file target_33.txt (compact mmCIF, N, CA and C atoms)
# COMPACT_ATOMS: atom_id res chain seq x y z
N MET M 1 253.97 124.46 111.88
CA MET M 1 254.71 123.99 113.03
C MET M 1 255.81 123.03 112.57
N ILE M 2 257.02 123.24 113.02
CA ILE M 2 258.13 122.36 112.69
C ILE M 2 258.08 121.14 113.59
N THR M 3 258.22 119.96 113.01
CA THR M 3 258.16 118.74 113.80
C THR M 3 259.51 118.06 113.97
N ARG M 4 260.44 118.23 113.04
CA ARG M 4 261.79 117.67 113.15
C ARG M 4 262.60 118.10 111.94
N LEU M 5 263.90 117.91 112.01
CA LEU M 5 264.76 118.15 110.86
C LEU M 5 264.48 117.08 109.82
N GLY M 6 264.21 117.49 108.60
CA GLY M 6 263.92 116.54 107.53
C GLY M 6 265.18 115.93 106.94
N HIS M 7 266.09 116.79 106.49
CA HIS M 7 267.36 116.29 105.96
C HIS M 7 268.40 117.39 105.95
N LEU M 8 269.62 116.97 105.86
CA LEU M 8 270.77 117.83 105.67
C LEU M 8 271.31 117.51 104.30
N CYS M 9 271.61 118.51 103.50
CA CYS M 9 272.09 118.29 102.14
C CYS M 9 273.54 118.73 102.02
N LEU M 10 274.38 117.85 101.48
CA LEU M 10 275.78 118.14 101.20
C LEU M 10 276.03 117.95 99.71
N ARG M 11 276.87 118.81 99.15
CA ARG M 11 277.30 118.64 97.75
C ARG M 11 278.75 118.21 97.75
N THR M 12 279.13 117.43 96.74
CA THR M 12 280.47 116.86 96.70
C THR M 12 280.98 116.76 95.26
N HIS M 13 282.30 116.63 95.15
CA HIS M 13 282.94 116.31 93.87
C HIS M 13 283.39 114.85 93.86
N GLN M 14 283.14 114.13 94.93
CA GLN M 14 283.59 112.73 95.03
C GLN M 14 282.46 111.84 95.56
N LEU M 15 281.40 111.75 94.79
CA LEU M 15 280.22 110.99 95.20
C LEU M 15 280.52 109.53 95.55
N PRO M 16 281.34 108.80 94.79
CA PRO M 16 281.61 107.40 95.17
C PRO M 16 282.25 107.28 96.56
N ALA M 17 283.17 108.16 96.89
CA ALA M 17 283.81 108.11 98.22
C ALA M 17 282.81 108.45 99.32
N MET M 18 281.94 109.41 99.05
CA MET M 18 280.93 109.78 100.04
C MET M 18 279.92 108.64 100.23
N LEU M 19 279.52 108.00 99.14
CA LEU M 19 278.62 106.84 99.22
C LEU M 19 279.25 105.76 100.08
N ALA M 20 280.49 105.43 99.82
CA ALA M 20 281.18 104.38 100.57
C ALA M 20 281.28 104.75 102.05
N PHE M 21 281.57 106.00 102.35
CA PHE M 21 281.71 106.43 103.74
C PHE M 21 280.38 106.37 104.48
N TYR M 22 279.35 107.02 103.96
CA TYR M 22 278.08 107.10 104.67
C TYR M 22 277.37 105.75 104.73
N ARG M 23 277.46 104.96 103.68
CA ARG M 23 276.79 103.65 103.66
C ARG M 23 277.64 102.58 104.34
N ASP M 24 278.88 102.44 103.91
CA ASP M 24 279.69 101.30 104.34
C ASP M 24 280.42 101.52 105.66
N VAL M 25 280.82 102.76 105.94
CA VAL M 25 281.56 103.03 107.17
C VAL M 25 280.62 103.44 108.30
N LEU M 26 279.77 104.45 108.06
CA LEU M 26 278.83 104.87 109.10
C LEU M 26 277.64 103.93 109.24
N GLY M 27 277.33 103.19 108.18
CA GLY M 27 276.24 102.23 108.25
C GLY M 27 274.85 102.79 107.98
N LEU M 28 274.78 103.98 107.37
CA LEU M 28 273.47 104.54 107.01
C LEU M 28 273.00 103.86 105.72
N SER M 29 271.77 103.39 105.70
CA SER M 29 271.27 102.74 104.50
C SER M 29 270.85 103.79 103.47
N VAL M 30 270.97 103.43 102.21
CA VAL M 30 270.52 104.31 101.12
C VAL M 30 269.02 104.13 101.01
N LYS M 31 268.28 105.21 101.25
CA LYS M 31 266.82 105.17 101.13
C LYS M 31 266.43 105.19 99.66
N PHE M 32 267.08 106.08 98.89
CA PHE M 32 266.86 106.13 97.44
C PHE M 32 267.96 106.95 96.80
N GLY M 33 268.08 106.80 95.48
CA GLY M 33 269.04 107.57 94.71
C GLY M 33 268.33 108.60 93.86
N LEU M 34 269.07 109.63 93.49
CA LEU M 34 268.55 110.66 92.58
C LEU M 34 269.15 110.40 91.21
N GLN M 35 268.29 110.18 90.20
CA GLN M 35 268.76 109.83 88.87
C GLN M 35 268.39 110.89 87.84
N HIS M 36 269.29 111.03 86.87
CA HIS M 36 268.99 111.82 85.68
C HIS M 36 268.03 111.02 84.81
N ASP M 37 267.48 111.67 83.80
CA ASP M 37 266.58 110.98 82.87
C ASP M 37 267.25 109.79 82.20
N ASP M 38 268.58 109.84 82.04
CA ASP M 38 269.30 108.74 81.39
C ASP M 38 269.61 107.60 82.36
N GLY M 39 269.16 107.73 83.63
CA GLY M 39 269.34 106.67 84.61
C GLY M 39 270.60 106.76 85.45
N THR M 40 271.51 107.69 85.14
CA THR M 40 272.72 107.81 85.94
C THR M 40 272.39 108.46 87.29
N THR M 41 273.00 107.94 88.33
CA THR M 41 272.76 108.44 89.68
C THR M 41 273.68 109.60 89.97
N PHE M 42 273.10 110.69 90.50
CA PHE M 42 273.93 111.85 90.87
C PHE M 42 273.76 112.23 92.33
N GLY M 43 273.02 111.42 93.09
CA GLY M 43 272.87 111.72 94.51
C GLY M 43 272.17 110.60 95.25
N TYR M 44 272.24 110.69 96.58
CA TYR M 44 271.64 109.67 97.44
C TYR M 44 270.99 110.31 98.66
N TYR M 45 269.94 109.67 99.15
CA TYR M 45 269.35 109.98 100.44
C TYR M 45 269.71 108.82 101.36
N PHE M 46 270.39 109.13 102.46
CA PHE M 46 270.77 108.13 103.45
C PHE M 46 269.85 108.24 104.66
N ALA M 47 269.27 107.12 105.08
CA ALA M 47 268.36 107.11 106.22
C ALA M 47 269.15 107.30 107.51
N ALA M 48 268.72 108.29 108.31
CA ALA M 48 269.41 108.60 109.57
C ALA M 48 268.46 108.49 110.75
N GLY M 49 267.45 107.64 110.65
CA GLY M 49 266.51 107.43 111.74
C GLY M 49 265.19 108.13 111.50
N HIS M 50 264.11 107.41 111.76
CA HIS M 50 262.75 107.93 111.57
C HIS M 50 262.62 108.48 110.14
N THR M 51 262.27 109.72 109.99
CA THR M 51 262.17 110.33 108.65
C THR M 51 263.21 111.43 108.51
N THR M 52 264.40 111.19 109.02
CA THR M 52 265.50 112.13 108.92
C THR M 52 266.56 111.54 108.00
N PHE M 53 267.13 112.39 107.13
CA PHE M 53 268.04 111.90 106.11
C PHE M 53 269.25 112.81 105.96
N VAL M 54 270.34 112.23 105.42
CA VAL M 54 271.47 112.99 104.91
C VAL M 54 271.41 112.83 103.40
N GLU M 55 271.29 113.95 102.70
CA GLU M 55 271.24 113.95 101.24
C GLU M 55 272.59 114.40 100.73
N ILE M 56 273.14 113.67 99.77
CA ILE M 56 274.42 114.05 99.18
C ILE M 56 274.27 113.95 97.67
N PHE M 57 274.63 115.04 96.98
CA PHE M 57 274.62 114.96 95.53
C PHE M 57 275.86 115.59 94.94
N ASP M 58 276.20 115.10 93.75
CA ASP M 58 277.39 115.51 93.02
C ASP M 58 277.20 116.89 92.41
N HIS M 59 278.21 117.76 92.52
CA HIS M 59 278.15 119.11 91.94
C HIS M 59 277.80 119.07 90.45
N ALA M 60 278.55 118.29 89.69
CA ALA M 60 278.32 118.24 88.24
C ALA M 60 276.95 117.65 87.92
N GLY M 61 276.55 116.65 88.68
CA GLY M 61 275.23 116.05 88.47
C GLY M 61 274.12 117.03 88.75
N ALA M 62 274.29 117.84 89.79
CA ALA M 62 273.28 118.86 90.11
C ALA M 62 273.19 119.89 89.00
N ALA M 63 274.35 120.30 88.48
CA ALA M 63 274.36 121.28 87.40
C ALA M 63 273.67 120.71 86.16
N LYS M 64 273.92 119.43 85.87
CA LYS M 64 273.28 118.79 84.72
C LYS M 64 271.76 118.72 84.92
N GLN M 65 271.33 118.41 86.13
CA GLN M 65 269.91 118.25 86.40
C GLN M 65 269.17 119.58 86.49
N TRP M 66 269.76 120.53 87.23
CA TRP M 66 269.05 121.76 87.55
C TRP M 66 269.63 123.00 86.92
N GLY M 67 270.73 122.87 86.18
CA GLY M 67 271.34 124.00 85.50
C GLY M 67 272.25 124.83 86.37
N GLY M 68 273.18 125.52 85.73
CA GLY M 68 274.10 126.40 86.45
C GLY M 68 275.25 125.65 87.07
N PRO M 69 276.25 126.38 87.56
CA PRO M 69 277.46 125.75 88.10
C PRO M 69 277.22 125.00 89.40
N GLY M 70 276.24 125.36 90.17
CA GLY M 70 276.00 124.68 91.44
C GLY M 70 274.62 124.09 91.53
N GLY M 71 273.92 123.95 90.42
CA GLY M 71 272.55 123.46 90.48
C GLY M 71 271.60 124.58 90.86
N ARG M 72 270.42 124.21 91.25
CA ARG M 72 269.38 125.21 91.51
C ARG M 72 269.72 126.14 92.67
N LEU M 73 270.60 125.71 93.56
CA LEU M 73 270.92 126.55 94.70
C LEU M 73 272.10 127.48 94.45
N GLY M 74 272.82 127.27 93.36
CA GLY M 74 273.98 128.09 93.08
C GLY M 74 275.12 127.79 94.04
N PRO M 75 276.22 128.50 93.90
CA PRO M 75 277.34 128.26 94.81
C PRO M 75 276.98 128.66 96.24
N ASN M 76 277.64 128.03 97.18
CA ASN M 76 277.34 128.26 98.59
C ASN M 76 278.24 129.32 99.20
N GLU M 77 278.39 130.44 98.54
CA GLU M 77 279.20 131.52 99.09
C GLU M 77 278.56 132.04 100.37
N GLY M 78 279.39 132.29 101.37
CA GLY M 78 278.88 132.83 102.62
C GLY M 78 278.25 131.80 103.54
N VAL M 79 278.37 130.52 103.19
CA VAL M 79 277.81 129.48 104.05
C VAL M 79 278.62 129.40 105.33
N HIS M 80 277.96 129.27 106.43
CA HIS M 80 278.62 129.21 107.73
C HIS M 80 278.38 127.85 108.39
N TYR M 81 278.40 126.81 107.60
CA TYR M 81 278.23 125.45 108.10
C TYR M 81 279.35 125.14 109.08
N ASN M 82 279.02 124.50 110.19
CA ASN M 82 280.03 124.09 111.16
C ASN M 82 280.10 122.57 111.25
N HIS M 83 278.99 121.92 111.56
CA HIS M 83 278.96 120.48 111.66
C HIS M 83 277.50 120.01 111.70
N PHE M 84 277.33 118.71 111.59
CA PHE M 84 276.03 118.14 111.91
C PHE M 84 276.25 116.99 112.86
N CYS M 85 275.20 116.60 113.54
CA CYS M 85 275.29 115.62 114.61
C CYS M 85 274.40 114.42 114.31
N LEU M 86 274.94 113.23 114.54
CA LEU M 86 274.17 112.00 114.45
C LEU M 86 274.01 111.42 115.84
N GLU M 87 272.79 111.17 116.25
CA GLU M 87 272.55 110.55 117.55
C GLU M 87 272.82 109.06 117.43
N VAL M 88 273.56 108.52 118.40
CA VAL M 88 273.92 107.10 118.38
C VAL M 88 273.64 106.48 119.74
N THR M 89 273.61 105.18 119.76
CA THR M 89 273.62 104.42 121.01
C THR M 89 274.91 103.61 121.00
N GLY M 90 275.45 103.31 122.17
CA GLY M 90 276.70 102.55 122.23
C GLY M 90 277.85 103.33 121.61
N LEU M 91 278.02 104.58 122.00
CA LEU M 91 279.01 105.46 121.37
C LEU M 91 280.42 104.88 121.37
N GLU M 92 280.89 104.39 122.49
CA GLU M 92 282.25 103.87 122.56
C GLU M 92 282.46 102.70 121.60
N GLU M 93 281.50 101.79 121.56
CA GLU M 93 281.59 100.63 120.67
C GLU M 93 281.58 101.07 119.21
N PHE M 94 280.70 102.03 118.89
CA PHE M 94 280.61 102.52 117.52
C PHE M 94 281.92 103.20 117.11
N CYS M 95 282.49 103.99 118.01
CA CYS M 95 283.77 104.65 117.71
C CYS M 95 284.88 103.62 117.51
N ALA M 96 284.86 102.54 118.28
CA ALA M 96 285.85 101.49 118.11
C ALA M 96 285.71 100.83 116.73
N GLN M 97 284.48 100.63 116.27
CA GLN M 97 284.25 100.08 114.93
C GLN M 97 284.79 101.02 113.86
N LEU M 98 284.53 102.32 114.03
CA LEU M 98 285.01 103.29 113.06
C LEU M 98 286.53 103.32 113.02
N THR M 99 287.15 103.31 114.19
CA THR M 99 288.60 103.32 114.27
C THR M 99 289.18 102.08 113.60
N ALA M 100 288.56 100.92 113.83
CA ALA M 100 289.01 99.68 113.20
C ALA M 100 288.88 99.75 111.68
N ALA M 101 287.93 100.55 111.19
CA ALA M 101 287.74 100.73 109.75
C ALA M 101 288.65 101.80 109.17
N GLY M 102 289.52 102.37 110.02
CA GLY M 102 290.49 103.36 109.54
C GLY M 102 290.03 104.79 109.62
N VAL M 103 288.90 105.05 110.29
CA VAL M 103 288.39 106.41 110.43
C VAL M 103 289.02 107.05 111.67
N GLU M 104 289.48 108.28 111.52
CA GLU M 104 290.03 109.01 112.66
C GLU M 104 288.88 109.61 113.46
N VAL M 105 288.76 109.20 114.72
CA VAL M 105 287.68 109.64 115.60
C VAL M 105 288.32 110.19 116.88
N THR M 106 287.79 111.31 117.36
CA THR M 106 288.31 111.85 118.62
C THR M 106 287.93 110.95 119.78
N PRO M 107 288.64 111.06 120.89
CA PRO M 107 288.20 110.33 122.07
C PRO M 107 286.81 110.81 122.50
N THR M 108 286.03 109.90 123.08
CA THR M 108 284.71 110.31 123.58
C THR M 108 284.88 111.14 124.85
N ARG M 109 283.96 112.06 125.04
CA ARG M 109 283.95 112.89 126.24
C ARG M 109 282.52 113.33 126.50
N VAL M 110 282.29 113.89 127.66
CA VAL M 110 280.98 114.44 127.98
C VAL M 110 281.05 115.95 127.77
N GLY M 111 280.12 116.48 126.98
CA GLY M 111 280.10 117.90 126.66
C GLY M 111 279.37 118.74 127.70
N MET M 112 279.30 120.03 127.43
CA MET M 112 278.63 120.99 128.32
C MET M 112 277.17 120.63 128.54
N ASP M 113 276.59 119.95 127.55
CA ASP M 113 275.18 119.57 127.63
C ASP M 113 274.97 118.24 128.34
N HIS M 114 276.04 117.68 128.88
CA HIS M 114 276.02 116.42 129.63
C HIS M 114 275.74 115.21 128.74
N SER M 115 275.97 115.36 127.44
CA SER M 115 275.84 114.25 126.49
C SER M 115 277.23 113.77 126.11
N LYS M 116 277.35 112.47 125.85
CA LYS M 116 278.63 111.92 125.38
C LYS M 116 278.78 112.26 123.90
N GLN M 117 280.01 112.56 123.50
CA GLN M 117 280.24 112.94 122.11
C GLN M 117 281.61 112.50 121.63
N ALA M 118 281.72 112.36 120.32
CA ALA M 118 282.98 112.13 119.63
C ALA M 118 282.83 112.79 118.26
N TRP M 119 283.96 113.05 117.61
CA TRP M 119 283.95 113.79 116.35
C TRP M 119 284.77 113.07 115.29
N LEU M 120 284.34 113.22 114.03
CA LEU M 120 285.05 112.69 112.88
C LEU M 120 284.76 113.56 111.68
N LYS M 121 285.39 113.25 110.55
CA LYS M 121 285.14 113.99 109.31
C LYS M 121 284.86 113.01 108.19
N ASP M 122 284.01 113.42 107.25
CA ASP M 122 283.73 112.59 106.07
C ASP M 122 284.83 112.83 105.03
N PRO M 123 284.79 112.14 103.89
CA PRO M 123 285.85 112.31 102.89
C PRO M 123 286.01 113.73 102.37
N ASP M 124 284.97 114.56 102.44
CA ASP M 124 285.08 115.95 102.01
C ASP M 124 285.56 116.87 103.14
N GLY M 125 285.75 116.33 104.33
CA GLY M 125 286.20 117.14 105.46
C GLY M 125 285.07 117.75 106.27
N ASN M 126 283.82 117.37 106.00
CA ASN M 126 282.69 117.87 106.78
C ASN M 126 282.74 117.29 108.19
N ALA M 127 282.62 118.14 109.19
CA ALA M 127 282.67 117.70 110.58
C ALA M 127 281.35 117.03 110.96
N ILE M 128 281.48 115.88 111.63
CA ILE M 128 280.32 115.12 112.09
C ILE M 128 280.50 114.86 113.58
N GLU M 129 279.50 115.25 114.35
CA GLU M 129 279.49 114.94 115.77
C GLU M 129 278.65 113.70 115.98
N LEU M 130 279.15 112.76 116.76
CA LEU M 130 278.38 111.61 117.19
C LEU M 130 277.99 111.86 118.63
N MET M 131 276.71 111.74 118.95
CA MET M 131 276.25 112.07 120.30
C MET M 131 275.39 110.96 120.85
N GLU M 132 275.68 110.61 122.10
CA GLU M 132 274.83 109.67 122.83
C GLU M 132 274.28 110.40 124.04
N TYR M 133 272.97 110.47 124.13
CA TYR M 133 272.35 111.14 125.26
C TYR M 133 272.54 110.32 126.54
N THR M 134 272.65 111.03 127.64
CA THR M 134 272.74 110.41 128.96
C THR M 134 271.49 110.85 129.75
N PRO M 135 271.24 110.25 130.90
CA PRO M 135 270.09 110.69 131.70
C PRO M 135 270.17 112.18 132.10
N GLN M 136 271.38 112.74 132.10
CA GLN M 136 271.55 114.14 132.47
C GLN M 136 271.56 115.08 131.26
N SER M 137 271.47 114.56 130.05
CA SER M 137 271.54 115.38 128.84
C SER M 137 270.51 116.50 128.87
N LEU M 138 270.95 117.70 128.61
CA LEU M 138 270.04 118.84 128.59
C LEU M 138 269.00 118.73 127.49
N GLN M 139 269.32 118.01 126.39
CA GLN M 139 268.37 117.84 125.29
C GLN M 139 267.13 117.06 125.74
N LEU M 140 267.30 116.23 126.77
CA LEU M 140 266.17 115.42 127.23
C LEU M 140 265.40 116.10 128.33
call {"tool": "encode", "arguments": {"input": "target_33.txt", "output": "structure tokens"}}
result
Amino acid sequence: MITRLGHLCLRTHQLPAMLAFYRDVLGLSVKFGLQHDDGTTFGYYFAAGHTTFVEIFDHAGAAKQWGGPGGRLGPNEGVHYNHFCLEVTGLEEFCAQLTAAGVEVTPTRVGMDHSKQAWLKDPDGNAIELMEYTPQSLQL
């Protein structure tokens, strides 16, 4: 039985920029890092509430750790990724903080599901939806 999404994994060529964005801009804490035997860090798990995480690791680091050009998973040919969503409270205030930090965020609006939402992109261009549930949200 599935109980919840465990984590979303992203690969990058710019791990320092992704670390700064997810930790310093979005405010997700680093739960732990992924290290090679020599102690160098090639990835991070960011806490996204309860036991849900965003995992990000470096392409070259993955290849070094697990072999091959893309690590154990190989290249992501045919991937149909669209976006992932982070549930937030105080959406308007959070978007104002992001905008003040120089992040381009769409205006907030209420979607078809009756939830408030706004959109942004990380340094790699991955789409991120920010969602705040309302009493009318279909998810609830």
call {"tool": "select_by_dssp", "arguments": {"input": "target_33.txt", "residues": "chain M", "states": "helix (DSSP H, G or I)", "output": "PDB file with N, CA and C atoms, in the coordinates of the input"}}
result
ATOM      1  N   LEU M  15     281.400 111.750  94.790  1.00  0.00           N
ATOM      2  CA  LEU M  15     280.220 110.990  95.200  1.00  0.00           C
ATOM      3  C   LEU M  15     280.520 109.530  95.550  1.00  0.00           C
ATOM      4  N   PRO M  16     281.340 108.800  94.790  1.00  0.00           N
ATOM      5  CA  PRO M  16     281.610 107.400  95.170  1.00  0.00           C
ATOM      6  C   PRO M  16     282.250 107.280  96.560  1.00  0.00           C
ATOM      7  N   ALA M  17     283.170 108.160  96.890  1.00  0.00           N
ATOM      8  CA  ALA M  17     283.810 108.110  98.220  1.00  0.00           C
ATOM      9  C   ALA M  17     282.810 108.450  99.320  1.00  0.00           C
ATOM     10  N   MET M  18     281.940 109.410  99.050  1.00  0.00           N
ATOM     11  CA  MET M  18     280.930 109.780 100.040  1.00  0.00           C
ATOM     12  C   MET M  18     279.920 108.640 100.230  1.00  0.00           C
ATOM     13  N   LEU M  19     279.520 108.000  99.140  1.00  0.00           N
ATOM     14  CA  LEU M  19     278.620 106.840  99.220  1.00  0.00           C
ATOM     15  C   LEU M  19     279.250 105.760 100.080  1.00  0.00           C
ATOM     16  N   ALA M  20     280.490 105.430  99.820  1.00  0.00           N
ATOM     17  CA  ALA M  20     281.180 104.380 100.570  1.00  0.00           C
ATOM     18  C   ALA M  20     281.280 104.750 102.050  1.00  0.00           C
ATOM     19  N   PHE M  21     281.570 106.000 102.350  1.00  0.00           N
ATOM     20  CA  PHE M  21     281.710 106.430 103.740  1.00  0.00           C
ATOM     21  C   PHE M  21     280.380 106.370 104.480  1.00  0.00           C
ATOM     22  N   TYR M  22     279.350 107.020 103.960  1.00  0.00           N
ATOM     23  CA  TYR M  22     278.080 107.100 104.670  1.00  0.00           C
ATOM     24  C   TYR M  22     277.370 105.750 104.730  1.00  0.00           C
ATOM     25  N   ARG M  23     277.460 104.960 103.680  1.00  0.00           N
ATOM     26  CA  ARG M  23     276.790 103.650 103.660  1.00  0.00           C
ATOM     27  C   ARG M  23     277.640 102.580 104.340  1.00  0.00           C
ATOM     28  N   ASP M  24     278.880 102.440 103.910  1.00  0.00           N
ATOM     29  CA  ASP M  24     279.690 101.300 104.340  1.00  0.00           C
ATOM     30  C   ASP M  24     280.420 101.520 105.660  1.00  0.00           C
ATOM     31  N   VAL M  25     280.820 102.760 105.940  1.00  0.00           N
ATOM     32  CA  VAL M  25     281.560 103.030 107.170  1.00  0.00           C
ATOM     33  C   VAL M  25     280.620 103.440 108.300  1.00  0.00           C
ATOM     34  N   HIS M  59     278.210 117.760  92.520  1.00  0.00           N
ATOM     35  CA  HIS M  59     278.150 119.110  91.940  1.00  0.00           C
ATOM     36  C   HIS M  59     277.800 119.070  90.450  1.00  0.00           C
ATOM     37  N   ALA M  60     278.550 118.290  89.690  1.00  0.00           N
ATOM     38  CA  ALA M  60     278.320 118.240  88.240  1.00  0.00           C
ATOM     39  C   ALA M  60     276.950 117.650  87.920  1.00  0.00           C
ATOM     40  N   GLY M  61     276.550 116.650  88.680  1.00  0.00           N
ATOM     41  CA  GLY M  61     275.230 116.050  88.470  1.00  0.00           C
ATOM     42  C   GLY M  61     274.120 117.030  88.750  1.00  0.00           C
ATOM     43  N   ALA M  62     274.290 117.840  89.790  1.00  0.00           N
ATOM     44  CA  ALA M  62     273.280 118.860  90.110  1.00  0.00           C
ATOM     45  C   ALA M  62     273.190 119.890  89.000  1.00  0.00           C
ATOM     46  N   ALA M  63     274.350 120.300  88.480  1.00  0.00           N
ATOM     47  CA  ALA M  63     274.360 121.280  87.400  1.00  0.00           C
ATOM     48  C   ALA M  63     273.670 120.710  86.160  1.00  0.00           C
ATOM     49  N   LYS M  64     273.920 119.430  85.870  1.00  0.00           N
ATOM     50  CA  LYS M  64     273.280 118.790  84.720  1.00  0.00           C
ATOM     51  C   LYS M  64     271.760 118.720  84.920  1.00  0.00           C
ATOM     52  N   GLN M  65     271.330 118.410  86.130  1.00  0.00           N
ATOM     53  CA  GLN M  65     269.910 118.250  86.400  1.00  0.00           C
ATOM     54  C   GLN M  65     269.170 119.580  86.490  1.00  0.00           C
ATOM     55  N   TRP M  66     269.760 120.530  87.230  1.00  0.00           N
ATOM     56  CA  TRP M  66     269.050 121.760  87.550  1.00  0.00           C
ATOM     57  C   TRP M  66     269.630 123.000  86.920  1.00  0.00           C
ATOM     58  N   GLY M  71     273.920 123.950  90.420  1.00  0.00           N
ATOM     59  CA  GLY M  71     272.550 123.460  90.480  1.00  0.00           C
ATOM     60  C   GLY M  71     271.600 124.580  90.860  1.00  0.00           C
ATOM     61  N   ARG M  72     270.420 124.210  91.250  1.00  0.00           N
ATOM     62  CA  ARG M  72     269.380 125.210  91.510  1.00  0.00           C
ATOM     63  C   ARG M  72     269.720 126.140  92.670  1.00  0.00           C
ATOM     64  N   LEU M  73     270.600 125.710  93.560  1.00  0.00           N
ATOM     65  CA  LEU M  73     270.920 126.550  94.700  1.00  0.00           C
ATOM     66  C   LEU M  73     272.100 127.480  94.450  1.00  0.00           C
ATOM     67  N   LEU M  91     278.020 104.580 122.000  1.00  0.00           N
ATOM     68  CA  LEU M  91     279.010 105.460 121.370  1.00  0.00           C
ATOM     69  C   LEU M  91     280.420 104.880 121.370  1.00  0.00           C
ATOM     70  N   GLU M  92     280.890 104.390 122.490  1.00  0.00           N
ATOM     71  CA  GLU M  92     282.250 103.870 122.560  1.00  0.00           C
ATOM     72  C   GLU M  92     282.460 102.700 121.600  1.00  0.00           C
ATOM     73  N   GLU M  93     281.500 101.790 121.560  1.00  0.00           N
ATOM     74  CA  GLU M  93     281.590 100.630 120.670  1.00  0.00           C
ATOM     75  C   GLU M  93     281.580 101.070 119.210  1.00  0.00           C
ATOM     76  N   PHE M  94     280.700 102.030 118.890  1.00  0.00           N
ATOM     77  CA  PHE M  94     280.610 102.520 117.520  1.00  0.00           C
ATOM     78  C   PHE M  94     281.920 103.200 117.110  1.00  0.00           C
ATOM     79  N   CYS M  95     282.490 103.990 118.010  1.00  0.00           N
ATOM     80  CA  CYS M  95     283.770 104.650 117.710  1.00  0.00           C
ATOM     81  C   CYS M  95     284.880 103.620 117.510  1.00  0.00           C
ATOM     82  N   ALA M  96     284.860 102.540 118.280  1.00  0.00           N
ATOM     83  CA  ALA M  96     285.850 101.490 118.110  1.00  0.00           C
ATOM     84  C   ALA M  96     285.710 100.830 116.730  1.00  0.00           C
ATOM     85  N   GLN M  97     284.480 100.630 116.270  1.00  0.00           N
ATOM     86  CA  GLN M  97     284.250 100.080 114.930  1.00  0.00           C
ATOM     87  C   GLN M  97     284.790 101.020 113.860  1.00  0.00           C
ATOM     88  N   LEU M  98     284.530 102.320 114.030  1.00  0.00           N
ATOM     89  CA  LEU M  98     285.010 103.290 113.060  1.00  0.00           C
ATOM     90  C   LEU M  98     286.530 103.320 113.020  1.00  0.00           C
ATOM     91  N   THR M  99     287.150 103.310 114.190  1.00  0.00           N
ATOM     92  CA  THR M  99     288.600 103.320 114.270  1.00  0.00           C
ATOM     93  C   THR M  99     289.180 102.080 113.600  1.00  0.00           C
ATOM     94  N   ALA M 100     288.560 100.920 113.830  1.00  0.00           N
ATOM     95  CA  ALA M 100     289.010  99.680 113.200  1.00  0.00           C
ATOM     96  C   ALA M 100     288.880  99.750 111.680  1.00  0.00           C
TER      97      ALA M 100
END
call {"tool": "atom_distance", "arguments": {"input": "target_33.txt", "atom1": "atom CA of Thr99 of chain M", "atom2": "atom CA of His59 of chain M"}}
result
29.3 Å
call {"tool": "residues_around", "arguments": {"input": "target_33.txt", "residues": "segment 25-37 of chain M", "least_positions_apart": "6", "cutoff": "7 Å", "atoms": "all atoms listed in the file", "output": "list of chain:residue names"}}
result
M:Leu19, M:Gly43, M:Tyr44, M:Tyr45, M:Phe46, M:Ala47, M:Ala48, M:Gln65, M:Leu98
call {"tool": "write_last_selection", "arguments": {"input": "target_33.txt", "atoms": "N, CA and C atoms", "output": "PDB file, in the frame of the given file"}}
result
ATOM      1  N   LEU M  19     279.520 108.000  99.140  1.00  0.00           N
ATOM      2  CA  LEU M  19     278.620 106.840  99.220  1.00  0.00           C
ATOM      3  C   LEU M  19     279.250 105.760 100.080  1.00  0.00           C
ATOM      4  N   GLY M  43     273.020 111.420  93.090  1.00  0.00           N
ATOM      5  CA  GLY M  43     272.870 111.720  94.510  1.00  0.00           C
ATOM      6  C   GLY M  43     272.170 110.600  95.250  1.00  0.00           C
ATOM      7  N   TYR M  44     272.240 110.690  96.580  1.00  0.00           N
ATOM      8  CA  TYR M  44     271.640 109.670  97.440  1.00  0.00           C
ATOM      9  C   TYR M  44     270.990 110.310  98.660  1.00  0.00           C
ATOM     10  N   TYR M  45     269.940 109.670  99.150  1.00  0.00           N
ATOM     11  CA  TYR M  45     269.350 109.980 100.440  1.00  0.00           C
ATOM     12  C   TYR M  45     269.710 108.820 101.360  1.00  0.00           C
ATOM     13  N   PHE M  46     270.390 109.130 102.460  1.00  0.00           N
ATOM     14  CA  PHE M  46     270.770 108.130 103.450  1.00  0.00           C
ATOM     15  C   PHE M  46     269.850 108.240 104.660  1.00  0.00           C
ATOM     16  N   ALA M  47     269.270 107.120 105.080  1.00  0.00           N
ATOM     17  CA  ALA M  47     268.360 107.110 106.220  1.00  0.00           C
ATOM     18  C   ALA M  47     269.150 107.300 107.510  1.00  0.00           C
ATOM     19  N   ALA M  48     268.720 108.290 108.310  1.00  0.00           N
ATOM     20  CA  ALA M  48     269.410 108.600 109.570  1.00  0.00           C
ATOM     21  C   ALA M  48     268.460 108.490 110.750  1.00  0.00           C
ATOM     22  N   GLN M  65     271.330 118.410  86.130  1.00  0.00           N
ATOM     23  CA  GLN M  65     269.910 118.250  86.400  1.00  0.00           C
ATOM     24  C   GLN M  65     269.170 119.580  86.490  1.00  0.00           C
ATOM     25  N   LEU M  98     284.530 102.320 114.030  1.00  0.00           N
ATOM     26  CA  LEU M  98     285.010 103.290 113.060  1.00  0.00           C
ATOM     27  C   LEU M  98     286.530 103.320 113.020  1.00  0.00           C
TER      28      LEU M  98
END
call {"tool": "closest_atom_pairs", "arguments": {"input": "target_33.txt", "of": "segment 106-131 of chain M", "to": "segment 3-18 of chain M", "cutoff": "8 Å", "atoms": "only C-alpha atoms", "output": "JSON lines"}}
result
{"residue": "M:Asp122", "atom": "CA", "partner": "M:Met18", "partner_atom": "CA", "distance": 7.2}
{"residue": "M:Pro123", "atom": "CA", "partner": "M:Met18", "partner_atom": "CA", "distance": 6.2}
{"residue": "M:Asp124", "atom": "CA", "partner": "M:Thr12", "partner_atom": "CA", "distance": 7.1}
call {"tool": "residues_around", "arguments": {"input": "target_33.txt", "residues": "segment 107-109 of chain M", "least_positions_apart": "6", "cutoff": "6 Å", "atoms": "only C-alpha atoms", "output": "list of chain:residue names"}}
result
M:Lys116, M:Gln117, M:Ala118
